[in-house]
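Asker: Provided herewith: data07.cif, mmCIF, C-alpha atoms, pLDDT in the B column; chains and numbers go by the auth columns.
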data_coords
loop_
_atom_site.group_PDB
_atom_site.id
_atom_site.type_symbol
_atom_site.label_atom_id
_atom_site.label_comp_id
_atom_site.label_asym_id
_atom_site.label_seq_id
_atom_site.Cartn_x
_atom_site.Cartn_y
_atom_site.Cartn_z
_atom_site.B_iso_or_equiv
_atom_site.auth_seq_id
_atom_site.auth_asym_id
ATOM 1 C CA MET A 1 0.000 0.000 0.000 48.00 1 J
ATOM 2 C CA ARG A 2 1.936 3.007 -1.297 46.00 2 J
ATOM 3 C CA PHE A 3 0.781 6.608 -1.053 46.00 3 J
ATOM 4 C CA TRP A 4 2.305 9.701 -2.563 45.00 4 J
ATOM 5 C CA PRO A 5 1.610 13.053 -0.956 47.00 5 J
ATOM 6 C CA SER A 6 1.401 16.189 -3.069 45.00 6 J
ATOM 7 C CA GLU A 7 4.563 17.690 -4.487 46.00 7 J
ATOM 8 C CA GLY A 8 6.824 19.644 -2.223 47.00 8 J
ATOM 9 C CA ARG A 9 6.350 17.325 0.737 47.00 9 J
ATOM 10 C CA PRO A 10 9.433 15.553 2.083 46.00 10 J
ATOM 11 C CA HIS A 11 8.060 11.984 2.188 45.00 11 J
ATOM 12 C CA ALA A 12 7.139 11.144 -1.361 49.00 12 J
ATOM 13 C CA GLY A 13 6.371 7.459 -1.793 58.00 13 J
ATOM 14 C CA PHE A 14 5.516 6.490 1.803 67.00 14 J
ATOM 15 C CA ASP A 15 4.982 2.710 1.726 75.00 15 J
ATOM 16 C CA PHE A 16 2.772 1.528 4.600 76.00 16 J
ATOM 17 C CA GLY A 17 3.004 -2.078 3.384 81.00 17 J
ATOM 18 C CA GLU A 18 6.417 -2.691 4.868 84.00 18 J
ATOM 19 C CA TYR A 19 5.124 -1.743 8.350 86.00 19 J
ATOM 20 C CA LEU A 20 1.706 -3.431 8.404 87.00 20 J
ATOM 21 C CA ASP A 21 2.812 -6.796 9.827 89.00 21 J
ATOM 22 C CA GLY A 22 4.768 -5.138 12.620 88.00 22 J
ATOM 23 C CA LEU A 23 1.932 -2.749 13.422 90.00 23 J
ATOM 24 C CA TYR A 24 -0.553 -5.617 13.532 91.00 24 J
ATOM 25 C CA GLY A 25 1.715 -7.658 15.818 89.00 25 J
ATOM 26 C CA TYR A 26 2.143 -4.721 18.184 87.00 26 J
ATOM 27 C CA ALA A 27 -1.605 -4.049 18.122 89.00 27 J
ATOM 28 C CA MET A 28 -2.231 -7.712 19.029 88.00 28 J
ATOM 29 C CA VAL A 29 0.163 -7.423 21.968 84.00 29 J
ATOM 30 C CA LEU A 30 -1.631 -4.327 23.224 85.00 30 J
ATOM 31 C CA SER A 31 -5.241 -5.333 22.584 85.00 31 J
ATOM 32 C CA ARG A 32 -5.123 -9.169 22.684 84.00 32 J
ATOM 33 C CA ASN A 33 -7.965 -9.113 20.163 86.00 33 J
ATOM 34 C CA ALA A 34 -7.640 -9.679 16.396 90.00 34 J
ATOM 35 C CA SER A 35 -10.572 -7.478 15.441 90.00 35 J
ATOM 36 C CA GLN A 36 -9.452 -4.618 17.649 89.00 36 J
ATOM 37 C CA ALA A 37 -5.873 -4.990 16.376 91.00 37 J
ATOM 38 C CA GLU A 38 -7.067 -4.665 12.776 92.00 38 J
ATOM 39 C CA ASP A 39 -9.027 -1.540 13.712 91.00 39 J
ATOM 40 C CA LEU A 40 -5.987 -0.063 15.450 91.00 40 J
ATOM 41 C CA VAL A 41 -3.789 -0.634 12.398 91.00 41 J
ATOM 42 C CA GLN A 42 -6.396 0.841 10.073 91.00 42 J
ATOM 43 C CA GLU A 43 -6.838 3.942 12.231 91.00 43 J
ATOM 44 C CA THR A 44 -3.046 4.280 12.506 89.00 44 J
ATOM 45 C CA CYS A 45 -2.661 4.255 8.725 88.00 45 J
ATOM 46 C CA LEU A 46 -5.450 6.789 8.285 88.00 46 J
ATOM 47 C CA ARG A 47 -3.972 9.192 10.822 88.00 47 J
ATOM 48 C CA ALA A 48 -0.487 8.743 9.426 86.00 48 J
ATOM 49 C CA LEU A 49 -1.719 9.413 5.907 85.00 49 J
ATOM 50 C CA ARG A 50 -3.410 12.620 7.058 86.00 50 J
ATOM 51 C CA SER A 51 -0.287 13.895 8.795 82.00 51 J
ATOM 52 C CA VAL A 52 2.590 12.462 6.748 81.00 52 J
ATOM 53 C CA SER A 53 3.593 16.000 5.826 78.00 53 J
ATOM 54 C CA HIS A 54 4.369 16.669 9.506 76.00 54 J
ATOM 55 C CA LEU A 55 6.927 13.852 9.736 77.00 55 J
ATOM 56 C CA ARG A 56 10.444 15.238 9.935 74.00 56 J
ATOM 57 C CA ALA A 57 12.697 14.311 7.027 72.00 57 J
ATOM 58 C CA ASP A 58 15.172 12.719 9.447 70.00 58 J
ATOM 59 C CA GLY A 59 12.446 11.012 11.520 70.00 59 J
ATOM 60 C CA SER A 60 12.001 7.257 11.802 79.00 60 J
ATOM 61 C CA ARG A 61 8.818 6.288 9.999 83.00 61 J
ATOM 62 C CA LYS A 62 8.553 3.012 11.899 85.00 62 J
ATOM 63 C CA SER A 63 8.863 4.639 15.301 85.00 63 J
ATOM 64 C CA TRP A 64 6.416 7.363 14.249 87.00 64 J
ATOM 65 C CA LEU A 65 3.797 4.791 13.158 89.00 65 J
ATOM 66 C CA PHE A 66 4.194 2.748 16.353 88.00 66 J
ATOM 67 C CA THR A 67 3.776 5.927 18.417 88.00 67 J
ATOM 68 C CA ILE A 68 0.563 6.768 16.569 89.00 68 J
ATOM 69 C CA LEU A 69 -0.759 3.231 17.140 90.00 69 J
ATOM 70 C CA ARG A 70 0.082 3.306 20.852 89.00 70 J
ATOM 71 C CA ASN A 71 -1.555 6.708 21.317 89.00 71 J
ATOM 72 C CA ILE A 72 -4.725 5.509 19.591 90.00 72 J
ATOM 73 C CA TRP A 73 -4.781 2.446 21.852 87.00 73 J
ATOM 74 C CA LEU A 74 -4.272 4.558 24.989 86.00 74 J
ATOM 75 C CA ASN A 75 -7.092 6.887 23.922 85.00 75 J
ATOM 76 C CA GLN A 76 -9.357 3.865 23.391 84.00 76 J
ATOM 77 C CA LEU A 77 -8.480 2.544 26.859 82.00 77 J
ATOM 78 C CA ARG A 78 -9.348 5.889 28.436 81.00 78 J
ATOM 79 C CA HIS A 79 -12.620 5.915 26.541 79.00 79 J
ATOM 80 C CA GLN A 80 -13.473 2.323 27.595 75.00 80 J
ATOM 81 C CA ARG A 81 -12.847 3.170 31.247 75.00 81 J
ATOM 82 C CA THR A 82 -15.340 6.003 31.106 74.00 82 J
ATOM 83 C CA VAL A 83 -17.956 4.369 28.848 67.00 83 J
ATOM 84 C CA GLY A 84 -17.565 0.635 29.540 58.00 84 J
ATOM 85 C CA GLU A 85 -17.056 -2.297 27.198 52.00 85 J
ATOM 86 C CA MET A 86 -19.326 -4.125 24.783 54.00 86 J
ATOM 87 C CA ALA A 87 -19.382 -7.917 24.536 49.00 87 J
ATOM 88 C CA GLU A 88 -17.154 -9.330 21.770 52.00 88 J
ATOM 89 C CA LEU A 89 -18.715 -12.103 19.697 52.00 89 J
ATOM 90 C CA ASP A 90 -15.659 -13.224 17.732 52.00 90 J
ATOM 91 C CA VAL A 91 -13.101 -13.723 20.477 54.00 91 J
ATOM 92 C CA ASP A 92 -10.296 -15.651 18.765 57.00 92 J
ATOM 93 C CA GLY A 93 -9.775 -15.695 15.032 54.00 93 J
ATOM 94 C CA SER A 94 -6.002 -15.261 15.135 51.00 94 J
ATOM 95 C CA GLU A 95 -5.054 -18.797 14.043 51.00 95 J
ATOM 96 C CA ALA A 96 -6.512 -18.260 10.582 49.00 96 J
ATOM 97 C CA ASN A 97 -3.963 -15.501 9.985 49.00 97 J
ATOM 98 C CA GLU A 98 -0.963 -17.648 10.931 51.00 98 J
ATOM 99 C CA PRO A 99 1.358 -18.290 7.985 51.00 99 J
ATOM 100 C CA VAL A 100 1.929 -21.963 7.275 50.00 100 J
ATOM 101 C CA ASP A 101 5.530 -23.020 7.865 46.00 101 J
ATOM 102 C CA ARG A 102 6.648 -25.456 5.173 49.00 102 J
ATOM 103 C CA ALA A 103 9.309 -27.263 7.220 44.00 103 J
ATOM 104 C CA PRO A 104 10.574 -30.502 5.665 59.00 104 J
ATOM 105 C CA ASP A 105 10.315 -32.365 8.976 69.00 105 J
ATOM 106 C CA PRO A 106 6.749 -32.593 10.369 74.00 106 J
ATOM 107 C CA HIS A 107 8.002 -33.322 13.893 73.00 107 J
ATOM 108 C CA ARG A 108 10.268 -30.263 13.887 77.00 108 J
ATOM 109 C CA ASP A 109 7.371 -28.214 12.545 75.00 109 J
ATOM 110 C CA TYR A 110 5.113 -29.475 15.346 77.00 110 J
ATOM 111 C CA VAL A 111 7.686 -28.802 18.083 79.00 111 J
ATOM 112 C CA SER A 112 8.413 -25.347 16.659 81.00 112 J
ATOM 113 C CA LYS A 113 4.704 -24.510 16.629 83.00 113 J
ATOM 114 C CA LEU A 114 4.355 -25.664 20.251 85.00 114 J
ATOM 115 C CA GLU A 115 7.328 -23.547 21.317 85.00 115 J
ATOM 116 C CA ARG A 116 5.993 -20.465 19.514 84.00 116 J
ATOM 117 C CA GLU A 117 2.623 -20.983 21.182 87.00 117 J
ATOM 118 C CA GLN A 118 4.250 -21.350 24.615 88.00 118 J
ATOM 119 C CA VAL A 119 6.212 -18.127 24.138 87.00 119 J
ATOM 120 C CA ARG A 120 3.125 -16.336 22.788 85.00 120 J
ATOM 121 C CA ASN A 121 1.064 -17.475 25.796 88.00 121 J
ATOM 122 C CA ALA A 122 3.820 -16.481 28.225 89.00 122 J
ATOM 123 C CA ILE A 123 4.020 -13.012 26.644 88.00 123 J
ATOM 124 C CA ARG A 124 0.239 -12.655 26.981 87.00 124 J
ATOM 125 C CA GLU A 125 0.553 -13.273 30.727 90.00 125 J
ATOM 126 C CA LEU A 126 2.978 -10.373 31.181 90.00 126 J
ATOM 127 C CA PRO A 127 1.728 -6.964 32.292 91.00 127 J
ATOM 128 C CA VAL A 128 1.219 -4.570 29.393 88.00 128 J
ATOM 129 C CA GLU A 129 4.359 -2.498 30.096 88.00 129 J
ATOM 130 C CA PHE A 130 6.465 -5.672 29.803 92.00 130 J
ATOM 131 C CA ARG A 131 4.561 -7.039 26.786 90.00 131 J
ATOM 132 C CA GLU A 132 5.081 -3.897 24.777 89.00 132 J
ATOM 133 C CA VAL A 133 8.841 -3.566 25.444 92.00 133 J
ATOM 134 C CA ILE A 134 9.373 -7.248 24.556 90.00 134 J
ATOM 135 C CA MET A 135 7.367 -6.806 21.364 87.00 135 J
ATOM 136 C CA LEU A 136 9.098 -3.591 20.327 88.00 136 J
ATOM 137 C CA ARG A 137 12.625 -4.805 21.087 89.00 137 J
ATOM 138 C CA GLU A 138 12.564 -8.500 20.179 86.00 138 J
ATOM 139 C CA TYR A 139 10.014 -8.603 17.361 83.00 139 J
ATOM 140 C CA GLU A 140 10.165 -5.106 15.875 83.00 140 J
ATOM 141 C CA GLU A 141 13.881 -4.672 16.634 83.00 141 J
ATOM 142 C CA LEU A 142 13.559 -1.045 17.695 87.00 142 J
ATOM 143 C CA SER A 143 16.511 0.457 19.548 89.00 143 J
ATOM 144 C CA TYR A 144 16.283 1.328 23.235 92.00 144 J
ATOM 145 C CA HIS A 145 16.198 5.017 22.282 91.00 145 J
ATOM 146 C CA GLU A 146 13.349 4.488 19.798 89.00 146 J
ATOM 147 C CA ILE A 147 11.357 2.536 22.386 90.00 147 J
ATOM 148 C CA ALA A 148 12.004 5.235 25.002 91.00 148 J
ATOM 149 C CA ALA A 149 10.757 7.910 22.606 89.00 149 J
ATOM 150 C CA LEU A 150 7.717 5.831 21.686 88.00 150 J
ATOM 151 C CA LEU A 151 6.794 5.113 25.320 89.00 151 J
ATOM 152 C CA ASP A 152 7.813 8.600 26.483 89.00 152 J
ATOM 153 C CA CYS A 153 10.103 7.318 29.231 92.00 153 J
ATOM 154 C CA PRO A 154 13.869 7.268 29.952 94.00 154 J
ATOM 155 C CA VAL A 155 16.105 4.705 28.224 93.00 155 J
ATOM 156 C CA GLY A 156 16.986 3.259 31.641 94.00 156 J
ATOM 157 C CA THR A 157 13.311 2.511 32.252 94.00 157 J
ATOM 158 C CA VAL A 158 13.122 0.670 28.919 93.00 158 J
ATOM 159 C CA MET A 159 16.192 -1.374 29.812 93.00 159 J
ATOM 160 C CA SER A 160 14.820 -2.162 33.273 94.00 160 J
ATOM 161 C CA ARG A 161 11.403 -3.193 31.938 93.00 161 J
ATOM 162 C CA LEU A 162 13.019 -5.336 29.277 93.00 162 J
ATOM 163 C CA SER A 163 15.221 -7.065 31.832 93.00 163 J
ATOM 164 C CA ARG A 164 12.277 -7.734 34.145 94.00 164 J
ATOM 165 C CA ALA A 165 10.132 -8.905 31.215 93.00 165 J
ATOM 166 C CA ARG A 166 12.822 -11.361 30.081 91.00 166 J
ATOM 167 C CA SER A 167 13.198 -12.609 33.656 92.00 167 J
ATOM 168 C CA ARG A 168 9.449 -13.195 33.987 92.00 168 J
ATOM 169 C CA LEU A 169 9.377 -14.951 30.632 90.00 169 J
ATOM 170 C CA ARG A 170 12.170 -17.263 31.761 90.00 170 J
ATOM 171 C CA ASP A 171 10.178 -18.031 34.905 90.00 171 J
ATOM 172 C CA LEU A 172 6.972 -18.610 32.941 89.00 172 J
ATOM 173 C CA LEU A 173 8.735 -20.833 30.425 87.00 173 J
ATOM 174 C CA GLY A 174 10.396 -22.994 33.043 84.00 174 J
ATOM 175 C CA GLY A 175 13.814 -21.450 33.425 60.00 175 J
ATOM 176 C CA GLY A 176 16.121 -22.247 30.540 49.00 176 J
ATOM 177 C CA SER A 177 13.837 -21.959 27.524 45.00 177 J
ATOM 178 C CA LEU A 178 15.022 -18.504 26.532 45.00 178 J
ATOM 179 C CA SER A 179 18.671 -17.878 25.844 42.00 179 J
ATOM 180 C CA PRO A 180 19.969 -14.452 26.832 41.00 180 J
ATOM 181 C CA PRO A 181 20.926 -12.069 24.032 42.00 181 J
ATOM 182 C CA SER A 182 24.500 -11.911 22.698 41.00 182 J
ATOM 183 C CA GLY A 183 25.472 -15.267 24.188 41.00 183 J
ATOM 184 C CA ARG A 184 25.677 -13.901 27.747 39.00 184 J
ATOM 185 C CA LYS A 185 25.184 -16.257 30.672 42.00 185 J
ATOM 186 C CA PRO A 186 22.047 -15.816 32.738 41.00 186 J
ATOM 187 C CA VAL A 187 22.637 -14.172 36.119 40.00 187 J
ATOM 188 C CA GLU A 188 21.970 -17.435 37.993 40.00 188 J
ATOM 189 C CA GLU A 189 24.656 -19.318 36.008 41.00 189 J
ATOM 190 C CA ALA A 190 27.175 -16.494 36.377 41.00 190 J
ATOM 191 C CA ASN A 191 26.639 -16.440 40.155 40.00 191 J
ATOM 192 C CA GLU A 192 27.038 -20.232 40.408 42.00 192 J
ATOM 193 C CA SER A 193 30.292 -20.256 38.430 42.00 193 J
ATOM 194 C CA THR A 194 31.853 -17.642 40.711 42.00 194 J
ATOM 195 C CA ALA A 195 30.802 -19.437 43.926 41.00 195 J
#
Could you render the structure from this file as structure tokens?

Answerer:
Amino acid sequence: MRFWPSEGRPHAGFDFGEYLDGLYGYAMVLSRNASQAEDLVQETCLRALRSVSHLRADGSRKSWLFTILRNIWLNQLRHQRTVGEMAELDVDGSEANEPVDRAPDPHRDYVSKLEREQVRNAIRELPVEFREVIMLREYEELSYHEIAALLDCPVGTVMSRLSRARSRLRDLLGGGSLSPPSGRKPVEEANESTA
């Protein structure tokens, strides 16, 4: 989905298509609802299209779009708290959107699917502030500075939340299921080797 603003604007040829999967994944983490996630992504694209001329030439499009999505979600939460919620009829339709992995080994495919589901379920159990930093860092590969700007908090807070989120995920997944980034030893192993 490519849009071209009128001449003279700095962002000719803004391609939303390259960001849609990431936006949808982030919206799913925030909302935990496929229908609501689709609505969030659609509203994000509409608002971004209306204000693409306001994006700085040196600005990160990805970070800008994720900020718009998060702000829309926060506004919806505020609105729901004051108005209340309606009952959702179609609760879980997310499996239909899963891409089929064509692994040559059916057993490996099955085990991989189980592991992905375990990680997905563990992430869903995290508080929202941990879910969103995990999603933005590990899945969307945003830098700490980009996440801090998006969440409007210090970089140290992002790093702390990410550390606590990883720790909780390790606990939820039974200890050793997640390997630490950059080949570092987990804190428990490092402490044991020095004792």

Asker: For Gln76 of chain J, work out the shell of residues within 12 Å, counting all atoms listed in the file and skipping chain neighbours fewer than 4 positions away, then give it as JSON, numbers by chain.

Answerer: {"J": [30, 31, 36, 37, 39, 40, 43, 69, 70, 71, 72, 80, 81, 82, 83, 84, 85]}

Asker: Rounded to one decimal in Å, what is the spacing between atom CA of Glu125 of chain J and atom CA of Ile68 of chain J?

Answerer: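 Distance between the two atoms: 24.5 Å.
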
Asker: Compile the contact shell of segment 46-51 of chain J as a short mmCIF file (atom, residue, chain, number, x, y, z; two decimals) with C-alpha atoms, in the frame of the given file: residues with an atom at most 8 Å away, counting all atoms listed in the file, same-chain residues fewer than 4 positions apart removed.

Answerer:
data_model
loop_
_atom_site.label_atom_id
_atom_site.label_comp_id
_atom_site.auth_asym_id
_atom_site.auth_seq_id
_atom_site.Cartn_x
_atom_site.Cartn_y
_atom_site.Cartn_z
CA PHE J 3 0.78 6.61 -1.05
CA GLN J 42 -6.40 0.84 10.07
CA LEU J 55 6.93 13.85 9.74
CA LEU J 65 3.80 4.79 13.16
CA ILE J 68 0.56 6.77 16.57
#

Asker: When distances are computed from all atoms listed in the file, which of J:Val52, J:Leu142, J:Leu77, J:Leu126 shows the smallest separation from Arg164 of chain J?

Answerer: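 Ranked by minimum distance to Arg164 of chain J, first place goes to J:Leu126.
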
Asker: One number please: atom CA of Ile123 of chain J to atom CA of Gly59 of chain J, in Å, one decimal.

Answerer: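 Those two atoms sit 29.6 Å apart.
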
Asker: Expressed in Å to a single decimal, how great is the separation between atom CA of Phe16 of chain J and atom CA of Ala148 of chain J?

Answerer: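 That distance, rounded to one decimal, is 22.7 Å.
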
Asker: Point out the residue among J:Arg168, J:Arg124, J:Arg61, J:Arg56 with the least atom-to-atom distance to Asn33 of chain J, counting all atoms listed in the file.

Answerer: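 Counting all atoms listed in the file, the residue closest to Asn33 of chain J is J:Arg124.
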
Asker: Starting from the shown file, work through the PyMOL selection byres ((chain J and resi 120) around 12) and note down what comes out as a ChimeraX atom specification.

Answerer: /J:25,28-29,32,94,113-119,121-126,131,134-135,139,169,172-173

Asker: Taking all listed atoms of segment 143-162 of chain J, build the axis-aligned box, pad each of the six sides by 6 Å, then write its centre and edge lengths in Å to one decimal as JSON.

Answerer:
{"center_x": 11.9, "center_y": 1.6, "center_z": 26.4, "size_x": 22.2, "size_y": 25.9, "size_z": 25.7}
